[in-house]
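Visitor: For reference, the file input.cif (mmCIF, C-alpha atoms) is included below:
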data_final
loop_
_atom_site.group_PDB
_atom_site.id
_atom_site.type_symbol
_atom_site.label_atom_id
_atom_site.label_comp_id
_atom_site.auth_asym_id
_atom_site.auth_seq_id
_atom_site.Cartn_x
_atom_site.Cartn_y
_atom_site.Cartn_z
ATOM 1 C CA MET A 1 206.454 144.460 124.186
ATOM 2 C CA THR A 2 209.470 145.533 122.159
ATOM 3 C CA ARG A 3 207.705 147.634 119.508
ATOM 4 C CA PRO A 4 206.953 151.117 120.905
ATOM 5 C CA ASP A 5 206.334 152.338 117.339
ATOM 6 C CA ILE A 6 202.989 150.500 117.228
ATOM 7 C CA CYS A 7 202.044 151.105 120.881
ATOM 8 C CA TYR A 8 199.372 153.728 120.175
ATOM 9 C CA ALA A 9 197.777 151.814 117.292
ATOM 10 C CA VAL A 10 197.515 148.679 119.427
ATOM 11 C CA HIS A 11 196.096 150.763 122.303
ATOM 12 C CA VAL A 12 193.307 152.121 120.109
ATOM 13 C CA LEU A 13 192.530 148.779 118.471
ATOM 14 C CA ASN A 14 192.294 147.047 121.873
ATOM 15 C CA GLN A 15 189.344 149.257 122.776
ATOM 16 C CA PHE A 16 187.261 147.604 120.043
ATOM 17 C CA MET A 17 188.415 144.023 120.558
ATOM 18 C CA HIS A 18 185.048 142.700 121.780
ATOM 19 C CA CYS A 19 182.936 144.300 119.061
ATOM 20 C CA PRO A 20 185.148 145.060 116.040
ATOM 21 C CA LYS A 21 183.796 146.657 112.888
ATOM 22 C CA ILE A 22 185.133 146.468 109.362
ATOM 23 C CA SER A 23 187.038 149.736 109.832
ATOM 24 C CA HIS A 24 188.819 148.261 112.856
ATOM 25 C CA MET A 25 189.735 145.138 110.922
ATOM 26 C CA ASP A 26 191.088 147.324 108.106
ATOM 27 C CA ALA A 27 193.232 149.210 110.631
ATOM 28 C CA LEU A 28 194.454 145.917 112.071
ATOM 29 C CA VAL A 29 195.463 144.689 108.622
ATOM 30 C CA ARG A 30 197.357 147.948 108.118
ATOM 31 C CA VAL A 31 199.270 147.445 111.384
ATOM 32 C CA VAL A 32 200.110 143.850 110.434
ATOM 33 C CA LYS A 33 201.340 144.988 107.001
ATOM 34 C CA TYR A 34 203.513 147.611 108.737
ATOM 35 C CA ILE A 35 205.014 144.965 111.032
ATOM 36 C CA LYS A 36 205.636 142.641 108.100
ATOM 37 C CA GLY A 37 207.295 145.460 106.120
ATOM 38 C CA ALA A 38 209.561 146.527 108.991
ATOM 39 C CA PRO A 39 210.762 143.299 110.640
ATOM 40 C CA GLY A 40 214.022 144.745 111.929
ATOM 41 C CA GLN A 41 212.355 147.455 113.985
ATOM 42 C CA GLY A 42 212.408 147.135 117.750
ATOM 43 C CA LEU A 43 214.364 148.220 120.770
ATOM 44 C CA LEU A 44 218.084 148.699 120.438
ATOM 45 C CA MET A 45 220.200 148.915 123.552
ATOM 46 C CA SER A 46 223.126 151.308 123.465
ATOM 47 C CA SER A 47 226.600 149.986 124.216
ATOM 48 C CA ASN A 48 227.431 153.176 126.139
ATOM 49 C CA GLN A 49 227.222 152.516 129.841
ATOM 50 C CA SER A 50 225.323 155.386 131.400
ATOM 51 C CA THR A 51 223.586 155.562 134.776
ATOM 52 C CA LYS A 52 221.448 158.601 133.990
ATOM 53 C CA LEU A 53 217.686 158.069 133.928
ATOM 54 C CA THR A 54 215.639 160.511 131.860
ATOM 55 C CA ALA A 55 211.853 160.557 131.565
ATOM 56 C CA PHE A 56 209.565 162.230 129.043
ATOM 57 C CA CYS A 57 205.817 162.508 129.586
ATOM 58 C CA ASP A 58 202.885 163.906 127.674
ATOM 59 C CA ALA A 59 199.095 163.826 127.693
ATOM 60 C CA ASP A 60 196.516 164.240 124.980
ATOM 61 C CA ARG A 61 193.514 165.950 126.578
ATOM 62 C CA ALA A 62 190.078 164.458 125.845
ATOM 63 C CA SER A 63 191.406 162.421 122.932
ATOM 64 C CA CYS A 64 188.868 159.615 123.348
ATOM 65 C CA PRO A 65 185.755 160.700 121.425
ATOM 66 C CA VAL A 66 183.537 158.285 123.385
ATOM 67 C CA SER A 67 184.522 158.923 127.019
ATOM 68 C CA ARG A 68 186.361 162.274 126.606
ATOM 69 C CA ARG A 69 189.162 160.947 128.792
ATOM 70 C CA SER A 70 192.763 161.946 128.190
ATOM 71 C CA VAL A 71 195.577 159.632 127.152
ATOM 72 C CA THR A 72 198.756 159.585 129.237
ATOM 73 C CA GLY A 73 202.087 158.572 127.808
ATOM 74 C CA TYR A 74 205.624 158.431 129.125
ATOM 75 C CA VAL A 75 208.982 156.954 128.230
ATOM 76 C CA ILE A 76 211.986 156.338 130.472
ATOM 77 C CA LYS A 77 215.509 156.051 129.112
ATOM 78 C CA LEU A 78 218.634 154.765 130.814
ATOM 79 C CA GLY A 79 221.383 156.632 129.017
ATOM 80 C CA HIS A 80 220.390 156.385 125.349
ATOM 81 C CA SER A 81 218.407 153.146 125.734
ATOM 82 C CA LEU A 82 214.647 153.005 126.125
ATOM 83 C CA VAL A 83 213.837 150.896 129.189
ATOM 84 C CA SER A 84 210.171 151.625 129.928
ATOM 85 C CA TRP A 85 207.175 153.206 128.262
ATOM 86 C CA LYS A 86 203.430 153.325 128.741
ATOM 87 C CA LEU A 87 200.397 154.678 126.979
ATOM 88 C CA LYS A 88 197.118 154.528 128.863
ATOM 89 C CA LYS A 89 193.747 156.213 128.974
ATOM 90 C CA GLN A 90 193.371 158.184 132.223
ATOM 91 C CA CYS A 91 190.850 156.946 134.788
ATOM 92 C CA THR A 92 189.035 160.282 135.123
ATOM 93 C CA VAL A 93 188.035 163.131 132.841
ATOM 94 C CA SER A 94 190.456 166.042 133.163
ATOM 95 C CA ARG A 95 189.024 169.547 133.280
ATOM 96 C CA SER A 96 192.024 171.153 131.599
ATOM 97 C CA SER A 97 195.077 170.244 129.597
ATOM 98 C CA ALA A 98 197.244 171.253 132.577
ATOM 99 C CA GLU A 99 195.421 168.720 134.758
ATOM 100 C CA ALA A 100 195.866 165.994 132.126
ATOM 101 C CA GLU A 101 199.583 166.831 131.849
ATOM 102 C CA TYR A 102 199.929 166.853 135.644
ATOM 103 C CA ARG A 103 198.387 163.365 135.850
ATOM 104 C CA SER A 104 200.836 162.253 133.171
ATOM 105 C CA MET A 105 203.752 163.636 135.170
ATOM 106 C CA ALA A 106 202.474 161.879 138.321
ATOM 107 C CA ALA A 107 202.343 158.547 136.457
ATOM 108 C CA GLY A 108 205.864 159.165 135.141
ATOM 109 C CA VAL A 109 207.239 159.969 138.604
ATOM 110 C CA SER A 110 205.620 156.831 140.017
ATOM 111 C CA LYS A 111 207.334 154.725 137.359
ATOM 112 C CA ILE A 112 210.660 156.517 137.945
ATOM 113 C CA MET A 113 210.467 155.592 141.631
ATOM 114 C CA ARG A 114 209.846 151.932 140.772
ATOM 115 C CA GLN A 115 212.609 151.973 138.149
ATOM 116 C CA THR A 116 215.217 153.427 140.525
ATOM 117 C CA GLY A 117 214.213 150.874 143.173
ATOM 118 C CA LEU A 118 214.611 148.067 140.644
ATOM 119 C CA CYS A 119 218.049 149.350 139.642
ATOM 120 C CA ARG A 120 219.117 149.451 143.299
ATOM 121 C CA GLU A 121 217.900 145.880 143.841
ATOM 122 C CA LEU A 122 219.950 144.753 140.843
ATOM 123 C CA GLY A 123 223.021 146.546 142.189
ATOM 124 C CA ALA A 124 223.091 149.228 139.501
ATOM 125 C CA GLU A 125 223.700 152.818 140.525
ATOM 126 C CA VAL A 126 221.440 155.532 139.135
ATOM 127 C CA ASP A 127 222.480 159.173 138.960
ATOM 128 C CA LEU A 128 220.091 161.349 140.940
ATOM 129 C CA PRO A 129 218.163 163.551 140.388
ATOM 130 C CA VAL A 130 216.257 162.039 137.474
ATOM 131 C CA ASP A 131 215.227 164.471 134.729
ATOM 132 C CA LEU A 132 211.475 164.577 134.040
ATOM 133 C CA ASN A 133 210.619 166.422 130.818
ATOM 134 C CA CYS A 134 207.148 167.770 130.099
ATOM 135 C CA ASP A 135 205.946 170.199 127.443
ATOM 136 C CA SER A 136 203.333 171.961 129.614
ATOM 137 C CA LYS A 137 204.458 175.079 131.470
ATOM 138 C CA ALA A 138 201.156 175.159 133.367
ATOM 139 C CA ALA A 139 201.661 171.629 134.703
ATOM 140 C CA ILE A 140 205.297 172.294 135.617
#
Starting from the file, lay out its structure as structure tokens.

Guide:
Amino acid sequence: MTRPDICYAVHVLNQFMHCPKISHMDALVRVVKYIKGAPGQGLLMSSNQSTKLTAFCDADRASCPVSRRSVTGYVIKLGHSLVSWKLKKQCTVSRSSAEAEYRSMAAGVSKIMRQTGLCRELGAEVDLPVDLNCDSKAAI
């Protein structure tokens, strides 16, 4: 949960957990060797106290060769510290890259709403509006 650098590799390997092949086991060994070689990697929290939430989202259209579904990813930062991230295959097949990006933005906005609500419950103020960054002009 604290290693976003291996998030995508774990996501792909999880798809073959019930029927792994030798190639999947080789990839798993490679991930384990990476973790063993970089033990100090992980999340670092900044000492700067900032109340600005910033979100970044992206989608990879039809990246799954089996189902042709897109992969959605987003990260949310509080100041300079990463507080939330997700990488997930979308539930439906997108007809365009703009649609895949739009679904990614919708997932990011949903998480932003939950994150701001959580901050309010904990008594922390969050600067509004929250910046949502996306690299698709068509989706924006």

Visitor: Once the PyMOL selection byres ((chain A and resi 128) around 10) has been applied to the shown file, what residues remain in the selection, as a list in words?

Guide: Thr51, Lys52, Leu53, Thr116, Glu125, Val126, Asp127, Pro129, Val130 and Asp131 of chain A

Visitor: Would you mind reading off the distance between atom CA of A:Gly73 and atom CA of A:Phe16, one decimal, in Å?

Guide: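 For atom CA of A:Gly73 relative to atom CA of A:Phe16, the distance reads 20.0 Å.
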
Visitor: To verify the selection step, state as a VMD selection string which residues the PyMOL selection byres ((chain A and resi 97) around 9) yields on this input.

Guide: chain A and resid 59 to 62 70 94 to 96 98 to 102 136 138 to 139

Visitor: Compare A:Lys88, A:Ala38, A:Leu13, A:Met113 by their minimum atom-to-atom distance to A:Asp26, counting all atoms listed in the file, and give me the closest one.

Guide: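 Residue with the minimum atom-to-atom distance to A:Asp26: A:Leu13.
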
Visitor: If I take atom CA of A:Gly79 and atom CA of A:Ser47, how far is one from the other in Å, to one decimal?

Guide: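 Between these atoms lies a distance of 9.7 Å.
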
Visitor: Running the PyMOL selection byres ((chain A and resi 87) around 12) on this model by hand, what would come out? Give it as a ChimeraX atom specification.

Guide: /A:4-12,57-60,70-75,84-86,88-90,104,107-108

Visitor: Axis-aligned box over every listed atom of stretch 13-24 of chain A, padded by 8 Å per side: centre and edges in Å to one decimal, as JSON?

Guide:
{"center_x": 187.7, "center_y": 146.2, "center_z": 116.1, "size_x": 25.6, "size_y": 23.0, "size_z": 29.4}

Visitor: Looking at A:Met17, A:Ala55, A:Cys91, A:Leu82, which one is nearest to A:Gly42, with distances taken over only C-alpha atoms?

Guide: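 When distances to A:Gly42 are compared using only C-alpha atoms, the smallest one comes from A:Leu82.
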
Visitor: Between atom CA of A:Arg68 and atom CA of A:Gln15, what is the spacing in Å?

Guide: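 Going from atom CA of A:Gln15 over to atom CA of A:Arg68 covers 13.9 Å.
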